[in-house]
Amino acid sequence: MNEPLPETNDPWTLYWQADRLDSCIASASPGDAAAIAAFWQSFAGRINDTASVLDLATGNGTVPKCLLQASAALEITAVDKAAIDPMTYLQDGGELGQVNFIGNVDICALPFAAASFDAVTSQFGLEYAPLEAATRSAAAVLKPGGSMQLLLHHSDSEIVKPAAARRDEIRRLLATDGIIHALIAYINNRIPLEQLETAGQGHLASAHAKTAAVSGQIFDGVNQVILGMQEGDRQEAELLATVMVARLSAEQARLEQLLDAALTEQQATKIRGMLQGSGVDVERLDPLLIGETPDSRALIGWQLSGTKR
Ligand SMILES: C[S@@+](CC[C@H](N)C(=O)[O-])C[C@H]1O[C@@H](n2cnc3c(N)ncnc32)[C@H](O)[C@@H]1O
């Protein structure tokens, strides 16, 4: 059966309606995920075993999962502005069953009393929100003496660089002279199949990067639409194309947000200043590099640790 039209146009809600735990790892290598897990497990080792933790912009709960794997008795609340529901979408939520997930919560307007958590965490999340309001509100819910641990996007990271390339690939597919526009024109009988094929060949012949995950999937989809049209099922072909455009546009919007959120050194330093101003002493703000050898070292993001005064 074909995929239905997404019920939301919030790119992150759509993204988390799938059996996926992560959105931002540097590569598909299990080593990267393990290194990021180790980063959070080491933080879990530095806080009380039964601490109350608030994870901001949690997605499907990758940070809570890492923390609980290190310290099973933590009491974790995890919020996101997207309408998250990890236990419905993850096939194996495991320990996440004990996390209090709350969707539709903006970091800038947290529904918690001041000083109510022993720790506040966020992985590639806080920087997506307006920074002044987000830092103020994250600091406010932290108890005096409580710990803050953030992993933030770095503008030069191995996560941000491929995201820019993927965003550009999608932009080209969606451009007015791109294959998606040609596909819609073909479905509406405004151009013949040959002209759609020419648009496809143009995309393939261009010097820009093309990946199996983006262009490859779109070409598969285009072929399915053509087949549907040739079999006389125009309605089905049109639905398929609409779903494809909706998903591609959502992915473009998600990547635009990611790229906008990425922080230069100057911006990361500004966050430190904002947190200091909201009562959090920042002990550490450094690039986080993972990988065993100098050759395999990858820049993942900014790591920030602080303590509420
Ligand atoms: C890159 S994902 C990170 C998710 C998760 N922490 C992870 O590492 O997999 C960014 C998340 O920030 C959320 N987000 C963006 N702006 C937000 C806001 N103002 N308040 C709460 N969450 C927000 C998005 O919905 C998305 O789930």
# chains A, B, ... in the order shown; residues from 1 in each chain; ligands from 1
>>> residues_around(residues="segment 82-96 of chain A", least_positions_apart="6", cutoff="8 Å", atoms="only C-alpha atoms", output="PyMOL selection string")
chain A and resi 10+12-13+16-21+59-61+64-65+68-69+102-105
>>> write_last_selection(atoms="N, CA, C and O atoms", output="mmCIF file, in the first residue's frame")
data_model
loop_
_atom_site.group_PDB
_atom_site.id
_atom_site.type_symbol
_atom_site.label_atom_id
_atom_site.label_comp_id
_atom_site.auth_asym_id
_atom_site.auth_seq_id
_atom_site.Cartn_x
_atom_site.Cartn_y
_atom_site.Cartn_z
ATOM 1 N N ASP A 10 4.446 19.949 10.530
ATOM 2 C CA ASP A 10 5.586 20.279 11.390
ATOM 3 C C ASP A 10 6.679 19.256 11.088
ATOM 4 O O ASP A 10 6.495 18.058 11.313
ATOM 5 N N TRP A 12 9.420 18.365 12.446
ATOM 6 C CA TRP A 12 9.960 17.509 13.510
ATOM 7 C C TRP A 12 8.915 16.507 13.994
ATOM 8 O O TRP A 12 9.241 15.356 14.286
ATOM 9 N N THR A 13 7.666 16.918 14.064
ATOM 10 C CA THR A 13 6.625 15.953 14.455
ATOM 11 C C THR A 13 6.634 14.787 13.470
ATOM 12 O O THR A 13 6.627 13.614 13.859
ATOM 13 N N TRP A 16 9.670 12.494 13.926
ATOM 14 C CA TRP A 16 9.655 11.586 15.091
ATOM 15 C C TRP A 16 8.536 10.552 15.023
ATOM 16 O O TRP A 16 8.428 9.709 15.899
ATOM 17 N N GLN A 17 7.701 10.637 13.999
ATOM 18 C CA GLN A 17 6.657 9.610 13.833
ATOM 19 C C GLN A 17 7.250 8.422 13.088
ATOM 20 O O GLN A 17 6.759 8.000 12.037
ATOM 21 N N ALA A 18 8.325 7.906 13.596
ATOM 22 C CA ALA A 18 9.019 6.796 12.946
ATOM 23 C C ALA A 18 9.833 6.078 14.012
ATOM 24 O O ALA A 18 10.085 6.628 15.092
ATOM 25 N N ASP A 19 10.251 4.886 13.676
ATOM 26 C CA ASP A 19 11.034 4.104 14.631
ATOM 27 C C ASP A 19 12.495 4.547 14.567
ATOM 28 O O ASP A 19 13.346 3.836 14.047
ATOM 29 N N ARG A 20 12.762 5.757 15.039
ATOM 30 C CA ARG A 20 14.134 6.263 15.029
ATOM 31 C C ARG A 20 14.395 7.012 16.331
ATOM 32 O O ARG A 20 13.546 7.746 16.830
ATOM 33 N N LEU A 21 15.598 6.798 16.829
ATOM 34 C CA LEU A 21 15.945 7.398 18.121
ATOM 35 C C LEU A 21 16.765 8.665 17.927
ATOM 36 O O LEU A 21 16.688 9.587 18.726
ATOM 37 N N GLY A 59 13.117 14.917 21.294
ATOM 38 C CA GLY A 59 12.866 14.067 20.124
ATOM 39 C C GLY A 59 12.246 12.756 20.555
ATOM 40 O O GLY A 59 11.276 12.737 21.313
ATOM 41 N N ASN A 60 12.823 11.634 20.134
ATOM 42 C CA ASN A 60 12.305 10.332 20.569
ATOM 43 C C ASN A 60 13.075 9.800 21.780
ATOM 44 O O ASN A 60 13.022 8.608 22.070
ATOM 45 N N GLY A 61 13.798 10.686 22.454
ATOM 46 C CA GLY A 61 14.348 10.309 23.755
ATOM 47 C C GLY A 61 15.724 9.684 23.751
ATOM 48 O O GLY A 61 16.058 8.898 24.642
ATOM 49 N N PRO A 64 17.478 10.646 27.227
ATOM 50 C CA PRO A 64 16.968 9.837 28.341
ATOM 51 C C PRO A 64 17.428 8.382 28.268
ATOM 52 O O PRO A 64 17.784 7.780 29.278
ATOM 53 N N LYS A 65 17.449 7.826 27.064
ATOM 54 C CA LYS A 65 17.854 6.414 26.928
ATOM 55 C C LYS A 65 19.296 6.224 27.403
ATOM 56 O O LYS A 65 19.585 5.329 28.193
ATOM 57 N N LEU A 68 19.526 6.624 31.234
ATOM 58 C CA LEU A 68 18.957 5.498 31.991
ATOM 59 C C LEU A 68 19.811 4.243 31.865
ATOM 60 O O LEU A 68 19.830 3.412 32.776
ATOM 61 N N GLN A 69 20.516 4.129 30.736
ATOM 62 C CA GLN A 69 21.386 2.958 30.597
ATOM 63 C C GLN A 69 22.528 3.019 31.606
ATOM 64 O O GLN A 69 23.045 2.004 32.036
ATOM 65 N N ILE A 102 6.571 14.657 27.337
ATOM 66 C CA ILE A 102 5.495 15.625 27.109
ATOM 67 C C ILE A 102 5.786 16.375 25.803
ATOM 68 O O ILE A 102 6.814 17.049 25.675
ATOM 69 N N GLY A 103 4.868 16.241 24.863
ATOM 70 C CA GLY A 103 5.017 16.927 23.587
ATOM 71 C C GLY A 103 4.366 18.302 23.616
ATOM 72 O O GLY A 103 3.731 18.684 24.609
ATOM 73 N N ASN A 104 4.539 19.052 22.546
ATOM 74 C CA ASN A 104 3.942 20.394 22.407
ATOM 75 C C ASN A 104 4.382 21.344 23.517
ATOM 76 O O ASN A 104 3.600 22.176 23.977
ATOM 77 N N VAL A 105 5.622 21.174 23.986
ATOM 78 C CA VAL A 105 6.148 22.054 25.039
ATOM 79 C C VAL A 105 7.320 22.849 24.469
ATOM 80 O O VAL A 105 8.321 22.274 24.025
#
>>> select_by_dssp(residues="segment 199-275 of chain A", states="helix (DSSP H, G or I)", output="VMD selection string")
chain A and resid 199 to 205 212 to 230 234 to 261 265 to 275
>>> closest_residue(among="A:Thr269, A:Thr242, A:Ser278, A:Gln303", to="Glu3 of chain A", atoms="only C-alpha atoms")
A:Thr242
>>> select_by_dssp(residues="segment 93-258 of chain A", states="strand (DSSP E or B)", output="ChimeraX atom specification")
/A:100-102,117-123,142-152,154
>>> residues_near_ligand(ligand="ligand 1", cutoff="7 Å", atoms="only C-alpha atoms and all ligand atoms", output="ChimeraX atom specification")
/A:12-13,21-24,56-63,79-82,105-108,122-126,128-130,258
>>> atom_distance(atom1="atom CA of Leu204 of chain A", atom2="atom CA of Gly216 of chain A")
10.0 Å
